[in-house]
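Peer 1: Take a look at input-v4.cif, mmCIF, C-alpha atoms and all ligand atoms:
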data_input
loop_
_atom_site.label_atom_id
_atom_site.label_comp_id
_atom_site.auth_asym_id
_atom_site.auth_seq_id
_atom_site.Cartn_x
_atom_site.Cartn_y
_atom_site.Cartn_z
CA MET A 27 -6.71 -14.12 3.17
CA MET A 28 -3.86 -16.53 2.44
CA ILE A 29 -3.59 -18.74 -0.62
CA THR A 30 -2.35 -22.08 0.69
CA GLU A 31 -2.95 -24.13 -2.46
CA ALA A 32 -3.11 -23.18 -6.16
CA LYS A 33 -3.50 -25.83 -8.84
CA PHE A 34 -3.94 -25.63 -12.61
CA ALA A 35 -7.48 -26.91 -13.28
CA GLY A 36 -7.71 -26.79 -17.09
CA SER A 37 -7.79 -24.72 -20.26
CA CYS A 38 -10.80 -24.03 -22.46
CA THR A 39 -11.97 -21.82 -25.28
CA ARG A 40 -15.62 -21.48 -24.23
CA ALA A 41 -17.44 -21.01 -20.91
CA SER A 42 -19.43 -24.17 -21.67
CA MET A 43 -16.18 -26.17 -21.69
CA LYS A 44 -14.69 -24.94 -18.42
CA PRO A 45 -13.84 -27.28 -15.48
CA SER A 46 -16.94 -29.18 -14.43
CA ARG A 47 -16.62 -28.30 -10.75
CA ARG A 48 -18.62 -25.10 -10.39
CA LEU A 49 -17.08 -22.64 -7.90
CA PRO A 50 -16.82 -18.83 -7.68
CA GLU A 51 -14.50 -17.37 -10.32
CA PHE A 52 -12.42 -14.19 -10.34
CA ALA A 53 -10.94 -13.45 -13.76
CA PHE A 54 -8.13 -11.22 -15.02
CA ILE A 55 -8.36 -9.33 -18.27
CA GLY A 56 -6.47 -6.49 -19.95
CA ARG A 57 -4.30 -5.72 -22.93
CA SER A 58 -1.73 -8.25 -23.99
CA ASN A 59 1.47 -7.99 -21.93
CA VAL A 60 -0.17 -5.87 -19.18
CA GLY A 61 0.81 -8.52 -16.59
CA LYS A 62 -2.28 -10.71 -16.03
CA SER A 63 -0.45 -14.03 -15.75
CA SER A 64 2.34 -12.49 -13.64
CA LEU A 65 -0.21 -11.04 -11.23
CA ILE A 66 -1.91 -14.42 -10.80
CA ASN A 67 1.49 -15.94 -10.02
CA MET A 68 2.25 -13.16 -7.54
CA LEU A 69 -1.09 -13.64 -5.74
CA CYS A 70 -0.42 -17.40 -5.54
CA SER A 71 3.29 -17.01 -4.60
CA ASN A 72 4.17 -19.37 -7.47
CA ARG A 73 6.20 -18.00 -10.36
CA LYS A 74 5.55 -21.06 -12.49
CA LEU A 75 1.78 -21.39 -12.18
CA ALA A 76 0.64 -19.29 -15.15
CA LYS A 77 2.94 -18.97 -18.17
CA THR A 78 4.30 -15.48 -18.72
CA SER A 79 6.40 -13.92 -21.47
CA SER A 80 7.94 -10.60 -22.41
CA THR A 81 6.41 -11.16 -25.87
CA PRO A 82 2.72 -10.16 -26.02
CA GLY A 83 0.12 -12.82 -26.86
CA LYS A 84 1.41 -15.55 -24.52
CA THR A 85 -1.93 -16.60 -23.02
CA GLN A 86 -4.17 -17.89 -25.82
CA LEU A 87 -6.72 -19.89 -23.81
CA ILE A 88 -8.93 -19.46 -20.76
CA ASN A 89 -6.99 -21.01 -17.88
CA HIS A 90 -8.59 -21.95 -14.56
CA PHE A 91 -6.54 -22.21 -11.36
CA LEU A 92 -8.20 -23.86 -8.36
CA ILE A 93 -7.43 -21.91 -5.18
CA ASN A 94 -7.64 -23.40 -1.68
CA ASP A 95 -9.88 -26.11 -3.17
CA SER A 96 -12.77 -23.64 -3.07
CA TRP A 97 -12.63 -20.97 -5.81
CA TYR A 98 -10.93 -20.20 -9.13
CA LEU A 99 -8.60 -17.53 -10.43
CA VAL A 100 -9.03 -17.33 -14.21
CA ASP A 101 -6.29 -16.15 -16.56
CA LEU A 102 -7.66 -14.79 -19.86
CA PRO A 103 -5.89 -13.94 -23.13
CA GLY A 104 -5.18 -10.25 -23.68
CA TYR A 105 -7.40 -8.06 -25.83
CA GLY A 106 -6.29 -5.73 -28.58
CA PHE A 107 -3.05 -7.48 -29.54
CA ALA A 108 -2.08 -5.96 -32.88
CA LYS A 109 0.58 -8.37 -34.11
CA ILE A 110 -1.65 -11.33 -34.94
CA SER A 111 -3.91 -11.97 -37.90
CA LYS A 112 -7.33 -10.38 -37.99
CA GLU A 113 -8.89 -13.86 -37.74
CA ALA A 114 -6.82 -14.80 -34.68
CA ARG A 115 -7.67 -11.50 -32.98
CA GLU A 116 -11.37 -11.99 -33.73
CA GLY A 117 -11.14 -15.54 -32.33
CA LEU A 118 -9.72 -14.22 -29.04
CA ARG A 119 -12.34 -11.48 -28.88
CA VAL A 120 -15.13 -14.04 -29.27
CA MET A 121 -13.49 -16.30 -26.64
CA ILE A 122 -13.20 -13.47 -24.10
CA ASN A 123 -16.73 -12.17 -24.68
CA ASP A 124 -18.25 -15.64 -24.52
CA TYR A 125 -16.52 -16.28 -21.21
CA ILE A 126 -17.38 -13.01 -19.50
CA ARG A 127 -21.01 -13.04 -20.68
CA ASN A 128 -21.83 -16.72 -20.24
CA SER A 129 -19.86 -17.83 -17.22
CA GLU A 130 -22.46 -17.97 -14.47
CA GLU A 131 -19.83 -18.49 -11.79
CA LEU A 132 -17.90 -15.34 -12.69
CA VAL A 133 -18.13 -13.15 -9.58
CA LEU A 134 -15.89 -10.31 -10.67
CA LEU A 135 -13.58 -9.33 -13.49
CA PHE A 136 -10.32 -7.54 -12.68
CA VAL A 137 -9.40 -5.21 -15.54
CA LEU A 138 -5.64 -4.63 -15.57
CA LEU A 139 -4.15 -1.36 -16.79
CA ASP A 140 -0.44 -0.52 -17.10
CA SER A 141 0.46 2.07 -14.43
CA ARG A 142 2.87 3.79 -16.76
CA HIS A 143 0.48 4.72 -19.54
CA ASP A 144 -2.73 6.57 -20.18
CA LEU A 145 -5.55 4.13 -20.68
CA THR A 146 -6.07 3.50 -24.36
CA LYS A 147 -9.13 3.70 -26.57
CA ILE A 148 -9.24 -0.10 -26.54
CA ASP A 149 -9.26 -0.16 -22.72
CA ARG A 150 -12.01 2.44 -22.58
CA GLU A 151 -14.15 0.61 -25.12
CA PHE A 152 -13.68 -2.67 -23.28
CA ILE A 153 -14.55 -1.15 -19.89
CA ASN A 154 -17.59 0.65 -21.31
CA GLY A 155 -18.75 -2.68 -22.78
CA LEU A 156 -18.68 -4.16 -19.27
CA GLY A 157 -20.99 -1.40 -18.10
CA GLU A 158 -23.38 -2.04 -20.99
CA ASN A 159 -23.47 -5.75 -20.17
CA GLY A 160 -23.74 -5.25 -16.39
CA ILE A 161 -20.54 -7.17 -15.63
CA PRO A 162 -19.08 -6.29 -12.22
CA PHE A 163 -15.42 -5.28 -12.35
CA ALA A 164 -12.55 -3.70 -10.46
CA ILE A 165 -9.39 -2.11 -11.84
CA ILE A 166 -5.81 -3.08 -11.04
CA PHE A 167 -2.91 -0.91 -12.14
CA THR A 168 0.08 -3.16 -12.88
CA LYS A 169 3.88 -2.80 -12.99
CA GLY A 170 3.87 -0.16 -10.23
CA ASP A 171 7.57 -0.87 -9.60
CA LYS A 172 8.44 0.71 -12.93
CA LEU A 173 7.60 4.24 -11.72
CA GLY A 174 8.72 6.24 -8.71
CA PRO A 175 6.06 6.80 -6.01
CA ASN A 176 5.18 10.35 -7.08
CA ALA A 177 5.02 9.55 -10.79
CA LEU A 178 2.91 6.47 -10.01
CA LYS A 179 0.45 8.45 -7.96
CA ALA A 180 0.19 11.16 -10.63
CA GLN A 181 -0.36 8.65 -13.44
CA ILE A 182 -3.07 6.80 -11.47
CA GLU A 183 -4.83 10.09 -10.75
CA LYS A 184 -4.67 10.95 -14.45
CA ASN A 185 -6.22 7.61 -15.38
CA LYS A 186 -8.92 8.01 -12.75
CA ALA A 187 -9.78 11.37 -14.32
CA LEU A 188 -9.98 9.72 -17.76
CA LEU A 189 -12.25 7.00 -16.36
CA SER A 190 -14.43 9.66 -14.73
CA GLU A 191 -15.19 11.03 -18.19
CA ASP A 192 -17.17 7.82 -18.84
CA TRP A 193 -18.21 6.79 -15.30
CA GLU A 194 -20.10 8.71 -12.67
CA GLU A 195 -18.80 6.42 -9.95
CA LEU A 196 -15.40 4.74 -10.18
CA PRO A 197 -15.04 0.99 -9.54
CA PRO A 198 -12.71 -0.33 -6.80
CA ILE A 199 -9.11 0.46 -7.84
CA PHE A 200 -5.88 -1.27 -6.80
CA SER A 201 -2.22 -0.63 -7.50
CA SER A 202 0.08 -3.63 -7.88
CA SER A 203 3.52 -4.92 -8.75
CA SER A 204 4.23 -8.56 -9.48
CA GLN A 205 7.89 -7.82 -8.78
CA THR A 206 7.52 -6.36 -5.28
CA GLY A 207 4.24 -7.99 -4.25
CA GLU A 208 2.56 -4.61 -3.84
CA GLY A 209 -1.23 -4.95 -3.76
CA LYS A 210 -1.27 -8.64 -2.87
CA GLU A 211 -2.94 -8.32 0.53
CA GLU A 212 -5.45 -5.72 -0.64
CA ILE A 213 -6.53 -7.75 -3.69
CA LEU A 214 -6.80 -11.04 -1.79
CA ASP A 215 -8.74 -9.39 1.05
CA PHE A 216 -11.06 -7.84 -1.51
CA ILE A 217 -11.72 -11.26 -3.11
CA HIS A 218 -12.23 -12.78 0.33
CA ARG A 219 -15.20 -10.51 0.95
CA TYR A 220 -17.05 -12.21 -1.92
CA ILE A 221 -16.39 -15.84 -0.98
P1 LIG B 1 -0.55 -12.05 -22.43
O1 LIG B 1 -0.74 -13.40 -21.85
O2 LIG B 1 0.38 -12.04 -23.58
O3 LIG B 1 -1.82 -11.36 -22.71
O4 LIG B 1 0.24 -11.13 -21.32
P2 LIG B 1 0.00 -11.00 -19.75
O5 LIG B 1 -0.92 -9.85 -19.52
O6 LIG B 1 -0.36 -12.29 -19.14
O7 LIG B 1 1.45 -10.53 -19.26
P3 LIG B 1 2.58 -11.39 -18.53
O8 LIG B 1 2.18 -11.69 -17.13
O9 LIG B 1 2.99 -12.52 -19.39
O10 LIG B 1 3.74 -10.29 -18.42
C1 LIG B 1 4.25 -9.62 -19.55
C2 LIG B 1 5.64 -9.09 -19.26
O11 LIG B 1 5.60 -8.06 -18.27
C3 LIG B 1 6.60 -10.15 -18.70
O12 LIG B 1 7.88 -9.91 -19.23
C4 LIG B 1 6.58 -9.88 -17.20
O13 LIG B 1 7.77 -10.27 -16.54
C5 LIG B 1 6.41 -8.38 -17.15
N1 LIG B 1 5.70 -7.96 -15.92
C6 LIG B 1 4.48 -8.36 -15.53
N2 LIG B 1 4.13 -7.78 -14.36
C7 LIG B 1 5.17 -7.00 -14.00
C8 LIG B 1 5.43 -6.13 -12.87
O14 LIG B 1 4.61 -5.96 -11.96
N3 LIG B 1 6.61 -5.47 -12.87
C9 LIG B 1 7.54 -5.61 -13.86
N4 LIG B 1 8.66 -4.90 -13.76
N5 LIG B 1 7.34 -6.41 -14.92
C10 LIG B 1 6.17 -7.10 -15.00
MG MG B 2 -0.87 -14.07 -19.96
#
So, in terms of structure tokens, how does the structure I just supplied come out?
Ligand code: GTP
Ligand code: MG

Peer 2:
Amino acid sequence: MMITEAKFAGSCTRASMKPSRRLPEFAFIGRSNVGKSSLINMLCSNRKLAKTSSTPGKTQLINHFLINDSWYLVDLPGYGFAKISKEAREGLRVMINDYIRNSEELVLLFVLLDSRHDLTKIDREFINGLGENGIPFAIIFTKGDKLGPNALKAQIEKNKALLSEDWEELPPIFSSSSQTGEGKEEILDFIHRYI
């Protein structure tokens, strides 16, 4: 599938306040700084669409992007960001949970994990919560360009083994790089099967 048009469609803090035009949604979640906004830009071939930053905590709202006038990509704030107040972190947690539980148009959540690291306790807890709430998800490993091919493969296998401790069957898994465009075709083709 090709993305021929990507337009910012609005920001909100609750599912009930999202853009009024109801279309299928595919959302991106993961720890702060994992590369959610960069991946959306890569998929849309537009570096300026979603705001990115090397400082964690850039995305603070739920942002909808209208794709090909027929579906949405949704950029979510990161979870588990330590360097903000307890209240602010709790506010983001409530925002994320409200959106993923109450957005009827949400087709699938992409959980992003950094290719370079072992998945953290926070990632595991978040992913297990999706299982408990019956929310369909896939996993995308990000920043694949930061490791050599062998190290990347080994680290992904390690993370799959960690996920297998909690899950009998693994979800669909993709490897990506917003720098090189790796994973673009696979992820867009995967989305295309749902719409
Ligand atoms: P929050 O909005 O703060 O939750 O972060 P985010 O998950 O949206 O991350 P963002 O896309 O803003 O990227 C964070 C940093 O990682 C930026 O400096 C990006 O340039 C960098 N980055 C993201 N993806 C990649 C990638 O695939 N490769 C490399 N080398 N850097 C990346
Ligand atoms: Mg972001």

Peer 1: Extract, using only C-alpha atoms, all DNA, RNA and protein residues at most 9 Å from A:Lys77, discarding same-chain residues fewer than 2 positions from it, and format them as a ChimeraX atom specification.

Peer 2: /A:63-64,67,73-75,79,84-85

Peer 1: How far is it from atom CA of A:Ser46 to atom CA of A:Ile122, in Å with one decimal?

Peer 2: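 So the answer is 18.8 Å.
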
Peer 1: Quick one: residues within 9 Å of A:Ser42, only C-alpha atoms counted, chain neighbours fewer than 2 positions away excluded, as a PyMOL selection string?

Peer 2: chain A and resi 38-40+44-45+125+128-129

Peer 1: Taking (4.1, 1.6, -12.9) in the file's coordinates, which residues come within 12 Å, counting all atoms listed in the file, written as a ChimeraX atom specification?

Peer 2: /A:60-61,138-144,166-182,201-206,208

Peer 1: Select the residues contacting ligand MG 2 (chain B) at a distance of at most 10 Å, based on only C-alpha atoms and all ligand atoms, then format the selection as number ranges by chain.

Peer 2: A: 54-66, 76-89, 101-104

Peer 1: Here is a test: counting only C-alpha atoms, which residue of A:Ile148, A:Ser71, A:Glu194, A:Leu132 is nearest to A:Ile29?

Peer 2: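 Between A:Ile148, A:Ser71, A:Glu194, A:Leu132, the residue approaching A:Ile29 most closely is A:Ser71.
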
Peer 1: Fewer than 2 positions away in the same chain doesn't count, so skip those; otherwise give me all residues within 9 Å of A:Ala35, counting only C-alpha atoms, as a list in words.

Peer 2: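 Counting only C-alpha atoms, the residues come to Lys33, Ser37, Pro45, Asn89, His90, Phe91, Leu92 and Tyr98 of chain A.
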
Peer 1: What does the structure give for the distance between atom CA of A:Arg47 and atom CA of A:Val137, in Å to one decimal?

Peer 2: 24.7 Å

Peer 1: Nearest to A:Leu214: which of A:Gly157, A:Arg150, A:Phe200, A:Glu191 is it, counting only C-alpha atoms?

Peer 2: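 Selected residue with least distance to A:Leu214: A:Phe200.
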
Peer 1: Using all atoms listed in the file, which of A:His218, A:Lys210, A:Arg127, A:Lys184 sits nearest ligand LIG 1 (chain B)?

Peer 2: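 Closest candidate: A:Lys210.
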
Peer 1: Smallest atom-to-atom distance to ligand LIG 1 (chain B): which of A:Lys109, A:Arg219, A:Lys186, A:Arg48, using only C-alpha atoms and all ligand atoms?

Peer 2: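 Residue with the minimum atom-to-atom distance to ligand LIG 1 (chain B): A:Lys109.
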
Peer 1: Using Å and a single decimal, report how far atom CA of A:Asp149 sits from atom CA of A:Phe163.

Peer 2: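 Between these atoms lies a distance of 13.1 Å.
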
Peer 1: Extending 3 Å beyond the listed atoms of stretch 146-156 of chain A on each side, what axis-aligned box results? I want centre and edge lengths in Å to one decimal, as lines of an AutoDock Vina configuration file.

Peer 2:
center_x = -12.4
center_y = -0.2
center_z = -22.9
size_x = 18.7
size_y = 13.9
size_z = 13.3

Peer 1: Nearest to ligand LIG 1 (chain B) among A:Ile126, A:Leu99, A:Met27, A:Phe107, with distances taken over all atoms listed in the file: which residue is it?

Peer 2: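 Ranking A:Ile126, A:Leu99, A:Met27, A:Phe107 by distance to ligand LIG 1 (chain B), first place goes to A:Phe107.
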
Peer 1: Measuring between all atoms listed in the file, which one of A:Tyr105, A:Phe216, A:Phe136, A:Phe152 shows the shortest distance to ligand LIG 1 (chain B)?

Peer 2: A:Tyr105
